[in-house]
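Novice: Attaching a single structure in structure tokens format; questions to follow.
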Amino acid sequence: MHHPHQPTPPEPELFTWAFASDPYPAYAWLRQHAPVSKRQLPSGVEAWLVTRYADARQALADQRLSKNPAHHDEPAHAKGKTGIPGERKAELMTHLLNIDPPDHTRLRRLVSKAFTPRRVAEFAPRVQELTDQLIDRFVERGEADLIHEFAFPLPIYAICDMLGVPREDQDDFRDWAGMMIRHGGGPRGGVARSVKKMRGYLAELIHRKREAPGDDLISGLIRASDHGEHLTENEAAAMAFILLFAGFETTVNLIGNGTYALLTHPDQRETLQKSLDAGDTGLLETGIEELLRYDGPVELATWRFATEPLRIGGQDIAVGDPVLVVLAAAYRDPDRFPDPDLLDLARRDNQHLGYGHGIHYCLGAPLARLEGQTALATLLRRLPDLQLAVEPEELRWRGGLIMRGLRTLPVEFTPRAR
């Protein structure tokens with residue numbers, strides 16, 4: 001019921017710089033007035049944006065929505081504008097995010113064997129050690145950029161260790177990943193080159209692990225593969241690549257956005273700090289889930305394409321239409337989360353969709369949780385007077401469609417001895 005003196009607010013502009021800084025008001029408008037609507041994206045491709053929680057959850061698990069870009073009805077030249085930058089030219093398309101059953105089922109089962117919650121739990125001391133080493137590098141300076149010096153290297157070194165990339169090669173990985181994250185939204189040349197180098201390196205590493213397997217993820221994939229569940233060379237490289245890619249920028253943003261949210265909500269941060277000082281991890285555990293919901297690292301779920309006509313939220317979707325589930329809009333849906341715009345680290349009933357939902361539910365969720373919890377807890381413990389070194393409005397967000405993350409996060413604190 002709209003009263004005459006309450007006109008519908010004007011339709012917000014999407015995908016501008018102002019929108020990138022704070023997309024939530026625009027998403028609230030869409031949830032209310034156009035919950036499933038066809039929009040032109042910055043690339044020129046048209047896609048359906050799904051913004052309400054119930055619709056988002058349905059769409060994420062709907063098998064009629066394929067992850068395979070071959071189902072897109074656009075002409076070939078537009079197909080290149082969907083997916084991960086750089087994967088297109090590097091034969092890396094056959095990975096978990098882009099495939100449907102039965103291939104997805106087979107590959108996922110393989111990775112699950114190698115990537116178990118137990119393995120992640122055993123990895124906890126290493127993540128703690130990496131976290132401390134990174135903080136050691138800037139703790140005496142009294143200032144740091146938490147993206148480049150902390151949130152960015154931590155998941156890279158962690159996933160490299162887990163995959164079995166030798167320490168002496170990890171800085172190369174760091175450089176390649178840096179190219180991918182810096183230029184994800186810009187010129188494609190550098191990204192494609194980095195992906196190609198990474199791809200070549202992974203193929204070579206797979207050969208080395210065949211000769212001399214270890215107790216790492218790539219060796220585990222090879223072992224599982226040699227026990228009858230065949231994994232082609234292409235699939236193995238693509239698999240290692242997607243574990244890197246999916247597990248890397250998302251975690252950078254989880255740590256970056258999460259730290260930023262804590263620094264701008266001092267009461268919540270103080271409560272968390274006190275509970276950690278008391279040796280309690282309960283609030284840290286619910287807190288990481290709430291930070292994912294409140295300002296999560298993935299703004300839009302990866303591309304899906306309709307393989308048959310279907311209806312979402314009362315809208316008819318045609319075969320071949322791209323569908324983008326706007327996780328960031330679903331996270332703030334008041335029909336699912338009371339006081340959705342409030343950061344409440346103790347929020348219990350928090351079925352956010354930050355790791356997706358359905359058959360593509362994130363395999364790396366346990367590792368991401370471990371890295372996020374360790375990173376935030378260690379920062380708060382070691383740098384208790386951590387604060388932003390700039391005004392929030394001076395921060396720049398990386399412009400990209402799928403991911404949401406800060407370019408830099410300058411902080412200051414009392415310098416301490418290592």
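Chain identifiers are assigned as A, B, and so on, following the order in which chains appear in the structure tokens; residues are numbered from 1 within each chain, and ligands are numbered from 1 in order of appearance.
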Can you pull out every residue within 10 Å of region 313-318 of chain A, counting only C-alpha atoms, but drop anything in the same chain fewer than 3 positions away, and send it as a CSV table (one decimal) with N, CA and C atoms, in the first residue's frame?

Specialist:
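result-v5.csv written:
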chain,number,residue,atom,x,y,z
A,34,ALA,N,11.7,-5.0,-7.9
A,34,ALA,CA,12.0,-5.8,-9.1
A,34,ALA,C,12.9,-7.0,-8.7
A,35,PRO,N,12.3,-7.9,-7.9
A,35,PRO,CA,13.1,-9.0,-7.2
A,35,PRO,C,13.8,-9.9,-8.2
A,36,VAL,N,13.2,-10.1,-9.4
A,36,VAL,CA,13.9,-10.9,-10.5
A,36,VAL,C,13.8,-10.0,-11.7
A,37,SER,N,14.9,-9.4,-12.1
A,37,SER,CA,14.7,-8.5,-13.2
A,37,SER,C,15.9,-8.6,-14.2
A,38,LYS,N,15.6,-8.3,-15.5
A,38,LYS,CA,16.6,-8.4,-16.5
A,38,LYS,C,17.4,-7.1,-16.6
A,48,TRP,N,19.5,-12.0,-15.9
A,48,TRP,CA,18.5,-11.9,-14.9
A,48,TRP,C,19.2,-11.8,-13.5
A,50,VAL,N,18.7,-12.1,-9.5
A,50,VAL,CA,17.8,-12.6,-8.6
A,50,VAL,C,18.2,-12.1,-7.2
A,51,THR,N,17.3,-11.4,-6.5
A,51,THR,CA,17.7,-10.7,-5.3
A,51,THR,C,17.1,-11.1,-4.0
A,52,ARG,N,16.0,-11.9,-4.0
A,52,ARG,CA,15.4,-12.3,-2.7
A,52,ARG,C,16.0,-13.6,-2.2
A,54,ALA,N,14.7,-16.3,-0.7
A,54,ALA,CA,14.0,-17.6,-1.1
A,54,ALA,C,14.2,-17.9,-2.6
A,55,ASP,N,14.1,-16.9,-3.4
A,55,ASP,CA,14.4,-17.1,-4.9
A,55,ASP,C,15.9,-17.5,-5.1
A,56,ALA,N,16.7,-16.9,-4.4
A,56,ALA,CA,18.2,-17.1,-4.6
A,56,ALA,C,18.5,-18.6,-4.2
A,58,GLN,N,16.5,-21.1,-4.1
A,58,GLN,CA,15.9,-22.0,-5.1
A,58,GLN,C,16.8,-22.1,-6.4
A,59,ALA,N,17.2,-20.9,-6.8
A,59,ALA,CA,18.0,-20.8,-8.1
A,59,ALA,C,19.3,-21.6,-8.0
A,73,ASP,N,22.8,-18.4,-24.7
A,73,ASP,CA,22.3,-18.2,-26.1
A,73,ASP,C,23.0,-17.0,-26.8
A,305,PHE,N,23.0,-20.7,-16.6
A,305,PHE,CA,22.3,-20.5,-17.8
A,305,PHE,C,21.1,-21.5,-17.9
A,306,ALA,N,19.9,-20.9,-18.3
A,306,ALA,CA,18.7,-21.8,-18.3
A,306,ALA,C,18.8,-22.8,-19.4
A,307,THR,N,18.6,-24.1,-19.1
A,307,THR,CA,18.6,-25.1,-20.1
A,307,THR,C,17.2,-25.5,-20.6
A,308,GLU,N,16.2,-25.0,-19.8
A,308,GLU,CA,14.8,-25.1,-20.3
A,308,GLU,C,14.1,-24.0,-19.7
A,309,PRO,N,12.9,-23.7,-20.2
A,309,PRO,CA,12.1,-22.5,-19.7
A,309,PRO,C,11.8,-22.8,-18.2
A,310,LEU,N,11.9,-21.7,-17.4
A,310,LEU,CA,11.6,-21.9,-16.0
A,310,LEU,C,11.1,-20.6,-15.4
A,321,ASP,N,19.0,-18.0,-21.3
A,321,ASP,CA,19.2,-16.8,-20.6
A,321,ASP,C,20.2,-16.9,-19.4
A,322,PRO,N,21.1,-16.0,-19.2
A,322,PRO,CA,22.0,-16.0,-18.0
A,322,PRO,C,21.2,-15.6,-16.8
A,323,VAL,N,21.5,-16.3,-15.7
A,323,VAL,CA,20.9,-15.9,-14.4
A,323,VAL,C,22.0,-15.7,-13.4

Novice: Might you pull out every residue within 9 Å of Asp344 (chain A), with only C-alpha atoms counted and same-chain residues fewer than 6 positions away left off, and present them as a ChimeraX atom specification?

Specialist: /A:268,287,290-291,294

Novice: Take the residues from that selection and write them out as a JSON list (two decimals), in the first residue's frame, keeping all heavy atoms.

Specialist:
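Result went into selection_6.json, see below:
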[["chain", "number", "residue", "atom", "x", "y", "z"],
["A", 268, "GLN", "N", 30.98, -4.14, 18.42],
["A", 268, "GLN", "CA", 31.03, -5.56, 18.06],
["A", 268, "GLN", "C", 32.47, -6.08, 18.16],
["A", 268, "GLN", "O", 32.71, -7.17, 18.66],
["A", 268, "GLN", "CB", 30.51, -5.77, 16.63],
["A", 268, "GLN", "CG", 29.02, -5.59, 16.49],
["A", 268, "GLN", "CD", 28.25, -6.70, 17.16],
["A", 268, "GLN", "OE1", 28.40, -7.87, 16.83],
["A", 268, "GLN", "NE2", 27.41, -6.34, 18.12],
["A", 287, "GLY", "N", 30.72, -15.27, 14.50],
["A", 287, "GLY", "CA", 31.12, -13.97, 13.94],
["A", 287, "GLY", "C", 31.57, -14.05, 12.50],
["A", 287, "GLY", "O", 31.21, -13.20, 11.68],
["A", 290, "GLU", "N", 28.64, -14.33, 10.31],
["A", 290, "GLU", "CA", 27.91, -13.06, 10.24],
["A", 290, "GLU", "C", 28.64, -12.07, 9.34],
["A", 290, "GLU", "O", 28.02, -11.31, 8.59],
["A", 290, "GLU", "CB", 27.72, -12.49, 11.66],
["A", 290, "GLU", "CG", 27.13, -11.10, 11.70],
["A", 290, "GLU", "CD", 25.67, -10.99, 11.23],
["A", 290, "GLU", "OE1", 25.12, -11.95, 10.66],
["A", 290, "GLU", "OE2", 25.08, -9.91, 11.43],
["A", 291, "LEU", "N", 29.98, -12.07, 9.40],
["A", 291, "LEU", "CA", 30.74, -11.16, 8.53],
["A", 291, "LEU", "C", 30.55, -11.56, 7.07],
["A", 291, "LEU", "O", 30.50, -10.71, 6.18],
["A", 291, "LEU", "CB", 32.22, -11.16, 8.92],
["A", 291, "LEU", "CG", 32.53, -10.51, 10.28],
["A", 291, "LEU", "CD1", 33.94, -10.86, 10.76],
["A", 291, "LEU", "CD2", 32.33, -8.99, 10.24],
["A", 294, "TYR", "N", 27.05, -10.24, 6.28],
["A", 294, "TYR", "CA", 26.91, -8.79, 6.36],
["A", 294, "TYR", "C", 27.56, -8.09, 5.17],
["A", 294, "TYR", "O", 27.00, -7.14, 4.60],
["A", 294, "TYR", "CB", 27.52, -8.29, 7.67],
["A", 294, "TYR", "CG", 27.43, -6.79, 7.83],
["A", 294, "TYR", "CD1", 26.22, -6.19, 8.17],
["A", 294, "TYR", "CD2", 28.54, -5.97, 7.60],
["A", 294, "TYR", "CE1", 26.12, -4.81, 8.30],
["A", 294, "TYR", "CE2", 28.45, -4.60, 7.73],
["A", 294, "TYR", "CZ", 27.24, -4.02, 8.07],
["A", 294, "TYR", "OH", 27.15, -2.67, 8.19]]

Novice: Go through A:His352, A:Arg39, A:His104, A:Arg126 one by one, measure the shortest atom-to-atom distance of each to Arg57 (chain A) using only C-alpha atoms, and give the residue with the smallest value.

Specialist: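 Residue with the minimum atom-to-atom distance to Arg57 (chain A): A:His352.
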
Novice: Restricting the calculation to only C-alpha atoms, which member of A:Arg119, A:Arg347, A:Arg137, A:Arg381 is positioned closest to Arg418 (chain A)?

Specialist: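 Of the candidates, the smallest distance to Arg418 (chain A) is held by A:Arg137.
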
Novice: Set the distance at 7 Å and use only C-alpha atoms: which residues neighbour region 66-68 of chain A once local chain neighbours fewer than 2 positions away are removed? I'd like the list as a list in words.

Specialist: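 Within the cut-off, the hits are Gln63, Arg64, Ala70, His71, Leu97, Asn98, Ile99, Asp100, Trp303, Arg304, Phe305, Ala306 and Thr307 of chain A.
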
Novice: Which distance in Å separates CA of Gly200 (chain A) and CA of Arg398 (chain A), to one decimal?

Specialist: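 Separation between CA of Gly200 (chain A) and CA of Arg398 (chain A): 27.8 Å.
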